[in-house]
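For reference, query34.txt is printed below; it contains compact mmCIF, C-alpha atoms and all ligand atoms.
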# COMPACT_ATOMS: atom_id res chain seq x y z
CA MET A 24 52.12 145.42 16.18
CA ASN A 25 49.17 147.63 15.36
CA LEU A 26 48.15 147.59 18.96
CA LEU A 27 51.67 148.51 20.01
CA THR A 28 52.01 151.44 17.65
CA SER A 29 48.65 152.80 18.66
CA MET A 30 49.59 152.46 22.31
CA PHE A 31 52.81 154.34 21.81
CA ALA A 32 51.14 156.97 19.67
CA GLU A 33 49.38 158.14 22.84
CA VAL A 34 52.69 159.28 24.30
CA SER A 35 54.45 162.17 22.63
CA LYS A 36 58.17 162.53 22.76
CA ILE A 37 59.87 165.33 24.65
CA ALA A 38 62.80 166.70 22.66
CA THR A 39 65.96 167.08 24.74
CA ASP A 40 65.90 170.84 24.20
CA ASP A 41 62.18 171.27 24.92
CA TYR A 42 62.59 173.18 28.18
CA VAL A 43 58.95 174.23 28.20
CA GLY A 44 57.82 170.60 27.99
CA PHE A 45 60.40 169.63 30.59
CA THR A 46 59.33 172.30 33.09
CA PHE A 47 55.67 171.31 32.62
CA PHE A 48 56.63 167.73 33.41
CA VAL A 49 58.74 168.53 36.46
CA GLY A 50 56.21 171.12 37.62
CA CYS A 51 53.49 168.49 37.48
CA MET A 52 55.49 166.02 39.57
CA ALA A 53 56.52 168.67 42.08
CA MET A 54 52.92 169.83 42.57
CA MET A 55 51.75 166.24 43.08
CA ALA A 56 54.51 165.50 45.59
CA ALA A 57 53.85 168.74 47.48
CA SER A 58 50.12 167.94 47.66
CA ALA A 59 50.79 164.50 49.12
CA PHE A 60 53.14 166.10 51.64
CA PHE A 61 50.66 168.75 52.80
CA PHE A 62 47.67 166.41 52.94
CA LEU A 63 49.51 163.69 54.83
CA SER A 64 51.09 166.04 57.37
CA MET A 65 47.88 167.94 58.05
CA ASN A 66 46.65 165.94 61.02
CA SER A 67 49.89 166.17 62.97
CA PHE A 68 49.14 169.82 63.71
CA ASP A 69 47.02 171.68 66.15
CA ARG A 70 43.42 172.21 64.99
CA LYS A 71 43.81 175.90 64.25
CA TRP A 72 46.54 175.17 61.67
CA ARG A 73 44.81 172.31 59.88
CA THR A 74 42.69 174.38 57.55
CA SER A 75 45.75 176.41 56.50
CA ILE A 76 47.72 173.26 55.67
CA LEU A 77 44.69 171.83 53.87
CA VAL A 78 44.48 174.98 51.73
CA SER A 79 48.22 174.71 50.95
CA GLY A 80 47.56 171.18 49.70
CA LEU A 81 44.54 172.26 47.68
CA ILE A 82 46.59 174.96 45.95
CA THR A 83 49.28 172.52 44.83
CA PHE A 84 46.69 169.84 44.01
CA ILE A 85 44.66 172.15 41.75
CA ALA A 86 47.93 173.15 40.08
CA ALA A 87 48.95 169.49 39.66
CA VAL A 88 45.73 168.72 37.77
CA HIS A 89 46.20 171.77 35.54
CA TYR A 90 49.85 170.93 34.94
CA TRP A 91 48.80 167.46 33.87
CA TYR A 92 46.60 169.06 31.22
CA MET A 93 49.05 171.79 30.27
CA ARG A 94 51.87 169.30 29.82
CA ASP A 95 49.71 167.29 27.39
CA TYR A 96 48.48 170.44 25.66
CA TRP A 97 52.02 171.63 25.10
CA ALA A 98 53.16 168.16 23.97
CA THR A 99 50.30 167.96 21.45
CA TYR A 100 50.09 171.49 20.04
CA ALA A 101 53.46 173.06 20.99
CA GLU A 102 51.45 176.11 22.04
CA SER A 103 51.12 177.96 25.30
CA PRO A 104 48.10 176.60 27.22
CA THR A 105 46.99 180.16 28.12
CA PHE A 106 43.42 179.22 28.97
CA PHE A 107 44.31 176.42 31.42
CA ARG A 108 46.99 178.62 32.90
CA TYR A 109 44.51 181.29 33.84
CA VAL A 110 41.86 178.83 35.06
CA ASP A 111 44.54 177.44 37.39
CA TRP A 112 45.51 180.94 38.61
CA VAL A 113 41.96 182.16 39.08
CA LEU A 114 41.38 179.22 41.43
CA THR A 115 44.72 179.14 43.24
CA VAL A 116 45.58 182.83 43.67
CA PRO A 117 42.32 183.59 45.56
CA LEU A 118 43.15 180.56 47.73
CA MET A 119 46.48 182.18 48.53
CA CYS A 120 44.52 185.25 49.67
CA VAL A 121 42.44 182.91 51.85
CA GLU A 122 45.74 181.65 53.28
CA PHE A 123 46.69 185.19 54.38
CA TYR A 124 43.31 185.55 56.04
CA LEU A 125 43.51 182.16 57.79
CA ILE A 126 46.84 182.84 59.43
CA LEU A 127 45.74 186.36 60.49
CA LYS A 128 42.46 185.10 61.94
CA VAL A 129 44.07 184.59 65.35
CA ALA A 130 44.64 188.36 65.43
CA GLY A 131 41.02 188.99 64.55
CA ALA A 132 41.18 189.38 60.76
CA LYS A 133 37.77 190.07 59.26
CA LYS A 134 36.31 188.34 56.21
CA SER A 135 36.24 191.70 54.47
CA LEU A 136 40.05 191.66 54.34
CA MET A 137 39.93 188.30 52.57
CA TRP A 138 37.28 189.45 50.07
CA GLN A 139 39.21 192.64 49.33
CA MET A 140 42.31 190.64 48.49
CA ILE A 141 40.33 188.10 46.46
CA PHE A 142 38.67 190.94 44.53
CA TRP A 143 41.98 192.54 43.55
CA SER A 144 43.54 189.19 42.67
CA VAL A 145 40.65 188.43 40.30
CA VAL A 146 40.96 191.90 38.72
CA MET A 147 44.71 191.26 38.29
CA LEU A 148 44.12 187.91 36.58
CA VAL A 149 41.13 188.77 34.41
CA THR A 150 42.83 191.88 32.99
CA GLY A 151 46.03 189.85 32.49
CA TYR A 152 44.04 187.26 30.55
CA VAL A 153 42.48 189.96 28.37
CA GLY A 154 45.95 191.27 27.50
CA GLU A 155 47.37 187.84 26.86
CA ALA A 156 44.51 186.16 25.01
CA ILE A 157 41.95 188.70 23.76
CA ALA A 158 43.37 192.21 23.16
CA THR A 159 46.62 190.85 21.79
CA THR A 160 47.44 193.52 19.21
CA GLY A 161 48.66 197.13 19.28
CA ALA A 162 48.62 198.77 22.69
CA GLY A 163 46.31 196.04 24.07
CA PRO A 164 48.74 193.86 26.01
CA ALA A 165 50.62 196.84 27.50
CA LEU A 166 47.41 198.56 28.57
CA TRP A 167 45.74 195.51 30.13
CA GLY A 168 49.04 194.43 31.64
CA PHE A 169 49.32 197.86 33.26
CA ILE A 170 45.84 197.61 34.81
CA SER A 171 46.73 194.14 36.04
CA GLY A 172 49.91 195.58 37.55
CA VAL A 173 47.95 198.25 39.42
CA ALA A 174 45.73 195.55 40.98
CA TYR A 175 48.87 193.63 41.90
CA PHE A 176 50.27 196.65 43.73
CA VAL A 177 47.01 197.11 45.62
CA ILE A 178 47.51 193.60 47.02
CA VAL A 179 51.15 194.39 47.82
CA TYR A 180 49.99 197.54 49.64
CA ILE A 181 47.34 195.73 51.72
CA ILE A 182 49.74 193.08 52.98
CA TRP A 183 52.88 195.22 53.39
CA PHE A 184 51.41 198.43 54.78
CA GLY A 185 47.65 198.07 55.23
CA GLU A 186 45.26 196.23 57.49
CA ALA A 187 46.98 192.84 57.08
CA LYS A 188 50.27 194.21 58.37
CA LYS A 189 48.65 195.67 61.50
CA LEU A 190 46.99 192.36 62.29
CA ALA A 191 50.23 190.42 61.80
CA GLU A 192 51.99 192.74 64.24
CA GLN A 193 49.25 192.26 66.80
CA ALA A 194 49.56 188.49 66.49
CA GLY A 195 53.38 188.41 66.70
CA GLY A 196 55.35 185.15 66.97
CA ALA A 197 55.04 182.49 64.28
CA VAL A 198 52.18 184.37 62.59
CA LEU A 199 54.22 187.54 62.16
CA THR A 200 57.21 185.60 60.82
CA ALA A 201 55.00 183.70 58.35
CA HIS A 202 53.23 186.88 57.29
CA LYS A 203 56.52 188.66 56.60
CA THR A 204 57.83 185.76 54.52
CA LEU A 205 54.59 185.55 52.54
CA CYS A 206 54.84 189.31 51.91
CA TRP A 207 58.23 188.73 50.30
CA PHE A 208 56.78 185.93 48.20
CA VAL A 209 54.15 188.30 46.86
CA LEU A 210 56.61 191.16 46.23
CA VAL A 211 59.42 189.12 44.68
CA GLY A 212 57.92 185.73 43.78
CA TRP A 213 54.80 187.13 42.14
CA ALA A 214 56.89 189.69 40.24
CA ILE A 215 58.18 186.76 38.18
CA TYR A 216 54.84 186.67 36.34
CA PRO A 217 54.88 190.14 34.75
CA ILE A 218 58.34 189.27 33.38
CA GLY A 219 56.83 186.18 31.72
CA TYR A 220 53.98 188.32 30.41
CA MET A 221 56.41 190.80 28.88
CA ALA A 222 58.38 187.98 27.30
CA GLY A 223 55.27 186.49 25.71
CA THR A 224 53.21 189.48 24.55
CA GLU A 225 53.84 192.36 22.15
CA GLY A 226 54.55 195.83 23.49
CA TRP A 227 57.11 198.55 24.21
CA TYR A 228 58.83 195.93 26.36
CA SER A 229 59.56 193.53 23.48
CA PHE A 230 63.24 193.60 24.42
CA VAL A 231 62.38 191.15 27.22
CA GLY A 232 61.37 188.49 24.69
CA GLU A 233 64.37 189.36 22.55
CA LEU A 234 66.64 188.49 25.47
CA GLY A 235 65.59 184.89 24.76
CA LEU A 236 63.31 184.61 27.81
CA ASN A 237 60.36 182.29 27.38
CA MET A 238 56.96 183.06 28.87
CA ASP A 239 56.00 179.48 29.72
CA ILE A 240 59.29 178.62 31.36
CA ILE A 241 59.07 181.77 33.48
CA TYR A 242 55.46 181.03 34.48
CA ASN A 243 56.37 177.43 35.32
CA ILE A 244 59.23 178.53 37.55
CA GLY A 245 56.97 181.15 39.16
CA ASP A 246 54.30 178.58 39.94
CA ALA A 247 56.71 176.11 41.52
CA VAL A 248 58.36 178.81 43.65
CA ASN A 249 55.14 180.44 44.74
CA LYS A 250 52.70 177.60 45.18
CA ILE A 251 55.05 175.17 46.90
CA GLY A 252 56.96 177.95 48.69
CA PHE A 253 53.77 179.51 50.06
CA GLY A 254 52.67 176.14 51.39
CA LEU A 255 56.02 175.52 53.05
CA VAL A 256 55.93 178.89 54.80
CA VAL A 257 52.56 177.99 56.30
CA TYR A 258 53.86 174.52 57.15
CA SER A 259 56.87 176.01 59.01
CA ALA A 260 54.61 178.38 60.92
CA ALA A 261 52.50 175.41 62.00
CA VAL A 262 55.63 173.50 63.05
CA ALA A 263 56.99 176.50 64.96
CA SER A 264 53.80 177.19 66.86
CA THR A 265 53.08 173.53 67.58
CA SER A 266 56.53 172.79 69.01
CA LYS A 267 56.28 175.90 71.19
CA GLU A 268 53.05 174.62 72.68
CA VAL A 269 54.62 171.23 73.39
CA GLU A 270 57.51 172.88 75.24
CA ALA A 271 55.21 175.08 77.27
C1 LIG A 301 50.00 180.17 41.48
C2 LIG A 301 49.88 181.27 40.65
C3 LIG A 301 50.22 182.55 40.97
C4 LIG A 301 50.79 182.94 42.29
C5 LIG A 301 50.02 183.52 39.93
C6 LIG A 301 50.27 184.82 40.04
C7 LIG A 301 50.11 185.67 38.93
C8 LIG A 301 50.42 187.00 38.88
C9 LIG A 301 50.96 187.72 40.08
C10 LIG A 301 50.24 187.68 37.63
C11 LIG A 301 50.45 188.99 37.43
C12 LIG A 301 50.35 189.74 36.18
C13 LIG A 301 50.73 191.09 36.25
C14 LIG A 301 51.09 191.74 37.55
C15 LIG A 301 50.79 191.96 35.05
C16 LIG A 301 50.77 191.20 33.75
C17 LIG A 301 49.73 190.15 33.75
C18 LIG A 301 49.90 189.11 34.86
C19 LIG A 301 48.54 188.45 35.02
C20 LIG A 301 50.93 188.07 34.38

Show the structure stored in the file as structure tokens.
Amino acid sequence: MNLLTSMFAEVSKIATDDYVGFTFFVGCMAMMAASAFFFLSMNSFDRKWRTSILVSGLITFIAAVHYWYMRDYWATYAESPTFFRYVDWVLTVPLMCVEFYLILKVAGAKKSLMWQMIFWSVVMLVTGYVGEAIATTGAGPALWGFISGVAYFVIVYIIWFGEAKKLAEQAGGAVLTAHKTLCWFVLVGWAIYPIGYMAGTEGWYSFVGELGLNMDIIYNIGDAVNKIGFGLVVYSAAVASTSKEVEA
């Protein structure tokens, strides 16, 4: 009996209305399933696509491990696992920048493009973390969130109008289609995060939280959409370009 109770004590209950706990759980499963999918399908593609698919799998795999922790953290403390959240992002968002570079490599993308994007993504995340976890009072969150937003728009500019766009147009075909879709993911999908930030921090935008929106649920939805979605865009591009080569 003692053994049984101590065994069961390891597992915390999820209340039926604990939507944060629920989305952590489902997010974790979805990231694991997506990783298995990307890793196992990798070798059916042409060499030049394999690294891109591998990176898609790494992104969802890193997220799966973090979601495993975040789910437990939430279940134990009923608090937002801010630290794990940002460790996850600071690893996976730069990998998404690498993904842009990898698909544009056929058009001659330079490493400098990748490093530029990685730099701005790290600025975006570090300043976001400061606003969410360190400078959490007064004008802090709004100010740091604003700086983070500027870095975000620099990334949007590079891929929509800058060097990345020119390269995608030169490449054409499956690369251009994939690039365009990824651009929409960054403009619309990534914009989910600042909404979560506004819902969870204090500032002039407190009305967002008062609407009943929850930061963790919004972040969890954002992660599922963006990490799995990004990977699937790259996967479709690989499928499209591989089947074209078979026909030819
Ligand atoms: C897989 C994780 C991804 C794609 C995370 C993306 C995160 C962002 C685009 C976060 C952006 C933020 C702002 C633009 C302003 C407020 C602070 C942040 C960090 C939430």

Check which residues of chain A sit at most 6 Å from ligand LIG 301 (chain A) using all atoms listed in the file, and return one row each with the closest pair of atoms and their distance in Å to one decimal, ordered by chain and rising number, as JSON lines.
{"residue": "A:Trp112", "atom": "CA", "partner": "A:LIG301", "partner_atom": "C2", "distance": 4.8}
{"residue": "A:Thr115", "atom": "CA", "partner": "A:LIG301", "partner_atom": "C1", "distance": 5.7}
{"residue": "A:Val116", "atom": "CA", "partner": "A:LIG301", "partner_atom": "C3", "distance": 5.4}
{"residue": "A:Met147", "atom": "CA", "partner": "A:LIG301", "partner_atom": "C19", "distance": 5.8}
{"residue": "A:Leu148", "atom": "CA", "partner": "A:LIG301", "partner_atom": "C19", "distance": 4.7}
{"residue": "A:Gly151", "atom": "CA", "partner": "A:LIG301", "partner_atom": "C19", "distance": 3.8}
{"residue": "A:Gly168", "atom": "CA", "partner": "A:LIG301", "partner_atom": "C16", "distance": 4.2}
{"residue": "A:Ser171", "atom": "CA", "partner": "A:LIG301", "partner_atom": "C15", "distance": 4.7}
{"residue": "A:Gly172", "atom": "CA", "partner": "A:LIG301", "partner_atom": "C14", "distance": 4.0}
{"residue": "A:Tyr175", "atom": "CA", "partner": "A:LIG301", "partner_atom": "C14", "distance": 5.2}
{"residue": "A:Trp213", "atom": "CA", "partner": "A:LIG301", "partner_atom": "C9", "distance": 4.4}
{"residue": "A:Tyr216", "atom": "CA", "partner": "A:LIG301", "partner_atom": "C20", "distance": 4.6}
{"residue": "A:Pro217", "atom": "CA", "partner": "A:LIG301", "partner_atom": "C16", "distance": 4.4}
{"residue": "A:Tyr220", "atom": "CA", "partner": "A:LIG301", "partner_atom": "C20", "distance": 5.0}
{"residue": "A:Asp246", "atom": "CA", "partner": "A:LIG301", "partner_atom": "C1", "distance": 4.8}
{"residue": "A:Asn249", "atom": "CA", "partner": "A:LIG301", "partner_atom": "C4", "distance": 5.6}
{"residue": "A:Lys250", "atom": "CA", "partner": "A:LIG301", "partner_atom": "C1", "distance": 5.3}

Ala247 in chain A environment, 10 Å, only C-alpha atoms, sequence neighbours closer than 6 positions dropped, as a list in words: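 Neighbouring residues, sequence-local ones excluded: Thr46, Val49, Gly50, Cys51, Ala53, Met54, Ala57, Thr83, Ala86, Gly212 and Phe253 of chain A.
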
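When all atoms listed in the file are used to measure the gap to Ser259 in chain A, the shortest distance among A:Ser229, A:Leu205, A:Leu127, A:Trp183 belongs to A:Leu205.
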
Using only C-alpha atoms, find the one residue out of A:Ala158, A:Ile241, A:Ala187, A:Val198 that sits nearest to Glu225 in chain A.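 Under the stated criterion, the closest residue is A:Ala158.
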
Pick from A:Leu125, A:Phe45, A:Ala98, A:Glu233, whichever lies nearest to Thr74 in chain A using only C-alpha atoms: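 Ranked by minimum distance to Thr74 in chain A, first place goes to A:Leu125.
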
What does the distance from CA of Ala101 in chain A to CA of Val145 in chain A come to in Å, to one decimal?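 So the answer is 27.8 Å.
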
Using all atoms listed in the file, find all polymer residues with an atom at most 7 Å away from the point (49.1, 174.7, 62.2); report them as a PyMOL selection string. chain A and resi 68-73+75-76+258+260-262+265

Neighbours of point (46.2, 191.6, 64.7) within 6 Å, using all atoms listed in the file, written as a list in words: Ala130, Gly131, Lys189, Leu190, Ala191, Glu192, Gln193 and Ala194 of chain A

For the atom pair CA of Gly219 in chain A and CA of Tyr100 in chain A, what is the interatomic distance in Å to one decimal place?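 Those two atoms sit 19.9 Å apart.
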
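In this comparison, which uses only C-alpha atoms, the residue of A:Gly195, A:Val257, A:Leu236, A:Asp95 approaching Val34 in chain A most closely is A:Asp95.
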
Just to confirm, what's the straight-line distance from CA of Gly254 in chain A to CA of Val211 in chain A in Å (one decimal)?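 Separation between CA of Gly254 in chain A and CA of Val211 in chain A: 16.1 Å.
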
Option closest in space to Met52 in chain A, from A:Ile251, A:Met140, A:Lys133, A:Ile170 [counting only C-alpha atoms]: A:Ile251

Could range 220-246 of chain A be completed with N, CA, C and O atoms and returned as a short mmCIF file (atom, residue, chain, number, x, y, z; two decimals), keeping the file's coordinate frame?
data_model
loop_
_atom_site.label_atom_id
_atom_site.label_comp_id
_atom_site.auth_asym_id
_atom_site.auth_seq_id
_atom_site.Cartn_x
_atom_site.Cartn_y
_atom_site.Cartn_z
N TYR A 220 54.97 187.64 31.26
CA TYR A 220 53.98 188.32 30.41
C TYR A 220 54.67 189.19 29.36
O TYR A 220 54.32 189.18 28.18
N MET A 221 55.67 189.93 29.81
CA MET A 221 56.41 190.80 28.88
C MET A 221 57.17 189.99 27.83
O MET A 221 57.31 190.43 26.69
N ALA A 222 57.64 188.81 28.25
CA ALA A 222 58.38 187.98 27.30
C ALA A 222 57.45 187.38 26.25
O ALA A 222 57.88 187.10 25.13
N GLY A 223 56.17 187.21 26.60
CA GLY A 223 55.27 186.49 25.71
C GLY A 223 54.25 187.33 24.97
O GLY A 223 53.51 186.81 24.14
N THR A 224 54.17 188.64 25.27
CA THR A 224 53.21 189.48 24.55
C THR A 224 53.95 190.63 23.85
O THR A 224 55.09 190.92 24.17
N GLU A 225 53.24 191.25 22.92
CA GLU A 225 53.84 192.36 22.15
C GLU A 225 53.65 193.68 22.88
O GLU A 225 52.59 193.93 23.44
N GLY A 226 54.68 194.52 22.86
CA GLY A 226 54.55 195.83 23.49
C GLY A 226 55.87 196.58 23.48
O GLY A 226 56.85 196.09 22.92
N TRP A 227 55.89 197.74 24.15
CA TRP A 227 57.11 198.55 24.21
C TRP A 227 58.25 197.78 24.87
O TRP A 227 59.41 198.16 24.77
N TYR A 228 57.85 196.70 25.58
CA TYR A 228 58.83 195.93 26.36
C TYR A 228 59.33 194.71 25.59
O TYR A 228 59.82 193.75 26.19
N SER A 229 59.20 194.72 24.27
CA SER A 229 59.56 193.53 23.48
C SER A 229 61.00 193.07 23.67
O SER A 229 61.32 191.92 23.41
N PHE A 230 61.84 193.98 24.19
CA PHE A 230 63.24 193.60 24.42
C PHE A 230 63.35 192.40 25.38
O PHE A 230 64.30 191.63 25.32
N VAL A 231 62.35 192.26 26.26
CA VAL A 231 62.38 191.15 27.22
C VAL A 231 62.36 189.80 26.48
O VAL A 231 63.14 188.90 26.78
N GLY A 232 61.45 189.71 25.49
CA GLY A 232 61.37 188.49 24.69
C GLY A 232 62.62 188.30 23.85
O GLY A 232 63.09 187.18 23.64
N GLU A 233 63.18 189.44 23.40
CA GLU A 233 64.37 189.36 22.55
C GLU A 233 65.61 188.89 23.32
O GLU A 233 66.59 188.45 22.73
N LEU A 234 65.54 189.00 24.65
CA LEU A 234 66.64 188.49 25.47
C LEU A 234 66.68 186.96 25.46
O LEU A 234 67.57 186.34 26.03
N GLY A 235 65.63 186.35 24.84
CA GLY A 235 65.59 184.89 24.76
C GLY A 235 64.80 184.29 25.91
O GLY A 235 64.79 183.07 26.11
N LEU A 236 64.13 185.14 26.71
CA LEU A 236 63.31 184.61 27.81
C LEU A 236 62.03 184.02 27.24
O LEU A 236 61.48 184.52 26.26
N ASN A 237 61.56 182.96 27.85
CA ASN A 237 60.36 182.29 27.38
C ASN A 237 59.25 182.38 28.42
O ASN A 237 59.45 182.04 29.59
N MET A 238 58.09 182.84 27.96
CA MET A 238 56.96 183.06 28.87
C MET A 238 56.59 181.81 29.68
O MET A 238 56.44 181.88 30.89
N ASP A 239 56.46 180.68 29.01
CA ASP A 239 56.00 179.48 29.72
C ASP A 239 57.00 178.98 30.74
O ASP A 239 56.61 178.55 31.83
N ILE A 240 58.28 179.07 30.39
CA ILE A 240 59.29 178.62 31.36
C ILE A 240 59.25 179.53 32.59
O ILE A 240 59.28 179.06 33.73
N ILE A 241 59.11 180.84 32.36
CA ILE A 241 59.07 181.77 33.48
C ILE A 241 57.83 181.52 34.35
O ILE A 241 57.92 181.46 35.58
N TYR A 242 56.67 181.33 33.72
CA TYR A 242 55.46 181.03 34.48
C TYR A 242 55.61 179.73 35.26
O TYR A 242 55.17 179.62 36.41
N ASN A 243 56.22 178.72 34.64
CA ASN A 243 56.37 177.43 35.32
C ASN A 243 57.27 177.55 36.54
O ASN A 243 57.00 176.95 37.59
N ILE A 244 58.34 178.32 36.40
CA ILE A 244 59.23 178.53 37.55
C ILE A 244 58.47 179.30 38.63
O ILE A 244 58.49 178.96 39.81
N GLY A 245 57.76 180.35 38.21
CA GLY A 245 56.97 181.15 39.16
C GLY A 245 55.99 180.30 39.94
O GLY A 245 55.89 180.41 41.17
N ASP A 246 55.29 179.43 39.26
CA ASP A 246 54.30 178.58 39.94
C ASP A 246 54.95 177.65 40.95
O ASP A 246 54.45 177.49 42.06
#
